[in-house]
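Structure, as structure tokens:
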Amino acid sequence: METEKQITATCADFSFPLVIARNPKAKRMRIRIDRRRKTPVLVLGSRMSEKNGLQFVMQNAAWIKIRLENLPEERKFDDMMTFDLFGESVTIRQSPTAKRGVWLDGGVLWVSGQPEHLPRRVLDFIKGELRRRMRQKARELAEILNVKIGAVTVRDTKSRWGSCNKNGDLSFSWRLALAPAPVCDYVAAHEVSHIREMNHSLKFWKTVALLDPDFKTHEQWLKKNADFLHSFSV
């Protein structure tokens, strides 16, 4: 299990909070950006030197500064906000007196109830839509590979868009619903391919290509837009 402590790192005229995370499984030191906390995280193995780790951070301070400065502003679901759902633009409209919960009518996402409940209700709607889409898509792809899927869940993950275990259970980040539909389908193809190949070997990628011939384009879209997708919060 990963343990953390936070310090303040200083390099020339640049000071920033730094989280030092100890992960017993880490085979090399690395730096990642926690988009939600807007903080760099230095990941070290159990026996790695913290001193060497801090030197590694200083060597990469310019990269850290650029990454932090380029993080998009946090976005919260609110009345009159417009966002993309599977690549289609929708605008949130609050309807306090309605009794229908949340429903999509054309390009308008209507939300009943009081304003303080709107963000959570929008998120629940998005999760439900993604769960239905990914369950159906995963089943279609599994038939092509002649494999069986297990449970399909939607979560709020930090570093993965999807995952697959040995039982064929699939899990997806709800933020995928904010990406174009073909990108969502790529992640489904990626995880279903893991049911056959629980690795990232050449054989695995050939399986992905069978299910999504344009997977490289969709993978690049996710890498390019990861910070934007993670800028949404509730």
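Going by the structure tokens order, chains are called A, B, ..., each with residues numbered from 1, while ligands are numbered from 1 in the order shown.
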Q) In chain A, what's alpha helix (DSSP H) per DSSP? Answer as JSON, numbers by chain? A) {"A": [50, 51, 52, 53, 54, 55, 56, 57, 58, 59, 61, 62, 63, 64, 65, 66, 67, 68, 69, 118, 119, 120, 121, 122, 123, 124, 125, 126, 127, 128, 129, 130, 131, 132, 133, 134, 135, 136, 137, 138, 139, 140, 141, 142, 143, 144, 145, 181, 182, 183, 184, 185, 186, 187, 188, 189, 190, 191, 192, 193, 194, 195, 196, 202, 203, 204, 205, 206, 207, 208, 209, 210, 211, 215, 216, 217, 218, 219, 220, 221, 222, 223, 224, 225, 226, 227, 228, 229]}
Q. Got a sec: who's within 8 Å of range 184-186 of chain A, counting only C-alpha atoms, leaving out chain neighbours fewer than 2 positions off, as a VMD selection string?
A. chain A and resid 86 134 137 176 to 177 179 to 182 188 to 190 212 215 218 to 219
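Taking CA of Met48 in chain A as the reference point, CA of Ala9 in chain A is found at 18.3 Å.
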Q: For Met81 in chain A, work out the shell of residues within 10 Å, counting only C-alpha atoms and skipping chain neighbours fewer than 6 positions away, then give it as number ranges by chain.
A: A: 75, 90-93, 109
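Across A:Gln59, A:Pro96, A:Val187, A:Thr10, the tightest approach to His117 in chain A is made by A:Pro96 when counting only C-alpha atoms.
Shortest atom-to-atom contact with Phe16 in chain A among A:Leu118, A:Leu104, A:Met58, A:Leu123: A:Met58, counting only C-alpha atoms.
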Q | Sel. of strand (DSSP E or B) residues, range 71-126 of chain A, as a list in words | A | Arg75, Lys76, Thr82, Phe83, Asp84, Leu85, Glu88, Ser89, Val90, Thr91, Ile92, Arg93, Gln94, Ser95, Val102, Trp103, Leu104, Asp105, Val108, Leu109, Trp110, Val111 and Ser112 of chain A
Would you kindly return, as an mmCIF file with N, CA and C atoms, in the first residue's frame, each protein, DNA or RNA residue with an atom no farther than 12 Å from any atom of range 106-108 of chain A, considering only C-alpha atoms and excluding same-chain residues fewer than 5 positions away?
data_model
loop_
_atom_site.group_PDB
_atom_site.id
_atom_site.type_symbol
_atom_site.label_atom_id
_atom_site.label_comp_id
_atom_site.auth_asym_id
_atom_site.auth_seq_id
_atom_site.Cartn_x
_atom_site.Cartn_y
_atom_site.Cartn_z
ATOM 1 N N ASP A 79 -25.799 24.887 -13.576
ATOM 2 C CA ASP A 79 -26.858 25.316 -14.482
ATOM 3 C C ASP A 79 -26.281 26.154 -15.616
ATOM 4 N N MET A 80 -26.691 25.878 -16.834
ATOM 5 C CA MET A 80 -26.288 26.563 -18.064
ATOM 6 C C MET A 80 -24.893 26.178 -18.551
ATOM 7 N N MET A 81 -24.257 25.225 -17.864
ATOM 8 C CA MET A 81 -22.949 24.762 -18.320
ATOM 9 C C MET A 81 -23.129 23.869 -19.542
ATOM 10 N N THR A 82 -22.228 23.992 -20.511
ATOM 11 C CA THR A 82 -22.233 23.150 -21.704
ATOM 12 C C THR A 82 -21.012 22.240 -21.699
ATOM 13 N N PHE A 83 -21.224 20.973 -21.985
ATOM 14 C CA PHE A 83 -20.114 20.027 -22.067
ATOM 15 C C PHE A 83 -20.457 18.968 -23.098
ATOM 16 N N ASP A 84 -19.470 18.183 -23.476
ATOM 17 C CA ASP A 84 -19.680 17.122 -24.467
ATOM 18 C C ASP A 84 -19.969 15.804 -23.778
ATOM 19 N N LEU A 85 -20.978 15.105 -24.265
ATOM 20 C CA LEU A 85 -21.321 13.770 -23.782
ATOM 21 C C LEU A 85 -21.195 12.818 -24.964
ATOM 22 N N GLY A 87 -19.162 13.073 -27.252
ATOM 23 C CA GLY A 87 -18.880 13.871 -28.433
ATOM 24 C C GLY A 87 -20.014 14.776 -28.871
ATOM 25 N N GLU A 88 -21.155 14.701 -28.196
ATOM 26 C CA GLU A 88 -22.298 15.542 -28.536
ATOM 27 C C GLU A 88 -22.466 16.631 -27.476
ATOM 28 N N SER A 89 -22.613 17.874 -27.910
ATOM 29 C CA SER A 89 -22.735 18.993 -26.983
ATOM 30 C C SER A 89 -24.089 18.990 -26.282
ATOM 31 N N VAL A 90 -24.057 19.116 -24.960
ATOM 32 C CA VAL A 90 -25.286 19.219 -24.183
ATOM 33 C C VAL A 90 -25.146 20.379 -23.196
ATOM 34 N N THR A 91 -26.266 21.010 -22.891
ATOM 35 C CA THR A 91 -26.287 22.127 -21.942
ATOM 36 C C THR A 91 -27.152 21.754 -20.743
ATOM 37 N N ILE A 92 -26.630 21.964 -19.554
ATOM 38 C CA ILE A 92 -27.362 21.654 -18.328
ATOM 39 C C ILE A 92 -28.378 22.755 -18.048
ATOM 40 N N ARG A 93 -29.598 22.346 -17.753
ATOM 41 C CA ARG A 93 -30.643 23.284 -17.351
ATOM 42 C C ARG A 93 -31.338 22.734 -16.104
ATOM 43 N N GLN A 94 -31.398 23.580 -15.093
ATOM 44 C CA GLN A 94 -32.049 23.162 -13.865
ATOM 45 C C GLN A 94 -33.558 23.366 -13.956
ATOM 46 N N SER A 95 -34.312 22.384 -13.430
ATOM 47 C CA SER A 95 -35.774 22.462 -13.403
ATOM 48 C C SER A 95 -36.235 22.088 -11.989
ATOM 49 N N VAL A 122 -26.113 15.153 -11.964
ATOM 50 C CA VAL A 122 -25.521 15.112 -13.303
ATOM 51 C C VAL A 122 -24.490 13.991 -13.381
#
Using only C-alpha atoms, I'd like a table of the residues in range 47-155 of chain A that come within 12 Å of range 18-25 of chain A; for each, show the closest atom pair and its distance in Å rounded to one decimal, ordered by chain and ascending number, as JSON lines.
{"residue": "A:Arg47", "atom": "CA", "partner": "A:Pro24", "partner_atom": "CA", "distance": 8.3}
{"residue": "A:Met48", "atom": "CA", "partner": "A:Arg22", "partner_atom": "CA", "distance": 8.8}
{"residue": "A:Ser49", "atom": "CA", "partner": "A:Arg22", "partner_atom": "CA", "distance": 10.6}
{"residue": "A:Glu50", "atom": "CA", "partner": "A:Ile20", "partner_atom": "CA", "distance": 8.4}
{"residue": "A:Lys51", "atom": "CA", "partner": "A:Ile20", "partner_atom": "CA", "distance": 11.2}
{"residue": "A:Gly53", "atom": "CA", "partner": "A:Ile20", "partner_atom": "CA", "distance": 8.8}
{"residue": "A:Leu54", "atom": "CA", "partner": "A:Ile20", "partner_atom": "CA", "distance": 9.1}
{"residue": "A:Val57", "atom": "CA", "partner": "A:Leu18", "partner_atom": "CA", "distance": 9.2}
{"residue": "A:Met58", "atom": "CA", "partner": "A:Leu18", "partner_atom": "CA", "distance": 11.2}
{"residue": "A:Ala61", "atom": "CA", "partner": "A:Leu18", "partner_atom": "CA", "distance": 11.1}
{"residue": "A:Ile64", "atom": "CA", "partner": "A:Leu18", "partner_atom": "CA", "distance": 10.4}
{"residue": "A:Lys65", "atom": "CA", "partner": "A:Leu18", "partner_atom": "CA", "distance": 11.9}
{"residue": "A:Leu68", "atom": "CA", "partner": "A:Leu18", "partner_atom": "CA", "distance": 11.9}
**Q.** Distance query range 230-234 of chain A at most 10 Å, only C-alpha atoms, self and fewer than 4 positions along chain excluded, as a VMD selection string
**A.** chain A and resid 34 to 36 71 to 78 118 to 123 156 to 159 175 to 176 178 225 to 226
Q: Could you give me, as a ChimeraX atom specification, the residues within 12 Å of Ile144 in chain A, counting only C-alpha atoms and dropping anything in the same chain fewer than 6 positions from it?
A: /A:137-138,189,192-193,196,207-208,210-212
Would you output that residue set with N, CA, C and O atoms, as a PDB file, in the first residue's frame?
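Wrote again26.pdb, looks like this:
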ATOM      1  N   LYS A 137     -21.146  -2.332 -25.475  1.00  0.00           N
ATOM      2  CA  LYS A 137     -19.988  -2.403 -26.364  1.00  0.00           C
ATOM      3  C   LYS A 137     -19.083  -3.568 -25.987  1.00  0.00           C
ATOM      4  O   LYS A 137     -18.588  -4.296 -26.867  1.00  0.00           O
ATOM      5  N   ALA A 138     -18.870  -3.769 -24.706  1.00  0.00           N
ATOM      6  CA  ALA A 138     -18.006  -4.863 -24.256  1.00  0.00           C
ATOM      7  C   ALA A 138     -18.582  -6.212 -24.664  1.00  0.00           C
ATOM      8  O   ALA A 138     -17.845  -7.119 -25.070  1.00  0.00           O
ATOM      9  N   ALA A 189     -12.470  -1.764 -26.090  1.00  0.00           N
ATOM     10  CA  ALA A 189     -11.706  -2.748 -26.866  1.00  0.00           C
ATOM     11  C   ALA A 189     -10.417  -3.120 -26.147  1.00  0.00           C
ATOM     12  O   ALA A 189     -10.008  -4.293 -26.118  1.00  0.00           O
ATOM     13  N   VAL A 192     -11.399  -5.377 -23.063  1.00  0.00           N
ATOM     14  CA  VAL A 192     -11.886  -6.697 -23.492  1.00  0.00           C
ATOM     15  C   VAL A 192     -10.726  -7.528 -24.039  1.00  0.00           C
ATOM     16  O   VAL A 192     -10.666  -8.742 -23.829  1.00  0.00           O
ATOM     17  N   SER A 193      -9.786  -6.886 -24.706  1.00  0.00           N
ATOM     18  CA  SER A 193      -8.610  -7.605 -25.223  1.00  0.00           C
ATOM     19  C   SER A 193      -7.795  -8.215 -24.088  1.00  0.00           C
ATOM     20  O   SER A 193      -7.136  -9.248 -24.268  1.00  0.00           O
ATOM     21  N   ARG A 196      -8.367 -11.851 -23.107  1.00  0.00           N
ATOM     22  CA  ARG A 196      -7.604 -12.860 -23.856  1.00  0.00           C
ATOM     23  C   ARG A 196      -6.120 -12.779 -23.541  1.00  0.00           C
ATOM     24  O   ARG A 196      -5.452 -13.808 -23.419  1.00  0.00           O
ATOM     25  N   THR A 207      -4.640  -7.842 -31.018  1.00  0.00           N
ATOM     26  CA  THR A 207      -6.035  -8.097 -30.666  1.00  0.00           C
ATOM     27  C   THR A 207      -6.810  -6.788 -30.591  1.00  0.00           C
ATOM     28  O   THR A 207      -7.942  -6.681 -31.076  1.00  0.00           O
ATOM     29  N   VAL A 208      -6.188  -5.758 -29.982  1.00  0.00           N
ATOM     30  CA  VAL A 208      -6.822  -4.438 -29.912  1.00  0.00           C
ATOM     31  C   VAL A 208      -7.081  -3.910 -31.319  1.00  0.00           C
ATOM     32  O   VAL A 208      -8.163  -3.379 -31.616  1.00  0.00           O
ATOM     33  N   LEU A 210      -7.552  -5.539 -33.989  1.00  0.00           N
ATOM     34  CA  LEU A 210      -8.648  -6.285 -34.604  1.00  0.00           C
ATOM     35  C   LEU A 210      -9.994  -5.656 -34.233  1.00  0.00           C
ATOM     36  O   LEU A 210     -10.891  -5.535 -35.073  1.00  0.00           O
ATOM     37  N   LEU A 211     -10.111  -5.236 -32.979  1.00  0.00           N
ATOM     38  CA  LEU A 211     -11.363  -4.657 -32.491  1.00  0.00           C
ATOM     39  C   LEU A 211     -11.502  -3.185 -32.836  1.00  0.00           C
ATOM     40  O   LEU A 211     -12.614  -2.677 -33.008  1.00  0.00           O
ATOM     41  N   ASP A 212     -10.365  -2.481 -32.916  1.00  0.00           N
ATOM     42  CA  ASP A 212     -10.375  -1.047 -33.221  1.00  0.00           C
ATOM     43  C   ASP A 212      -9.153  -0.716 -34.074  1.00  0.00           C
ATOM     44  O   ASP A 212      -8.089  -0.386 -33.540  1.00  0.00           O
TER      45      ASP A 212
END
Q) So which residues touch Gly128 in chain A within 9 Å, counting only C-alpha atoms, skipping near sequence neighbours fewer than 5 positions away, as a PyMOL selection string? A) chain A and resi 123+133+154+174
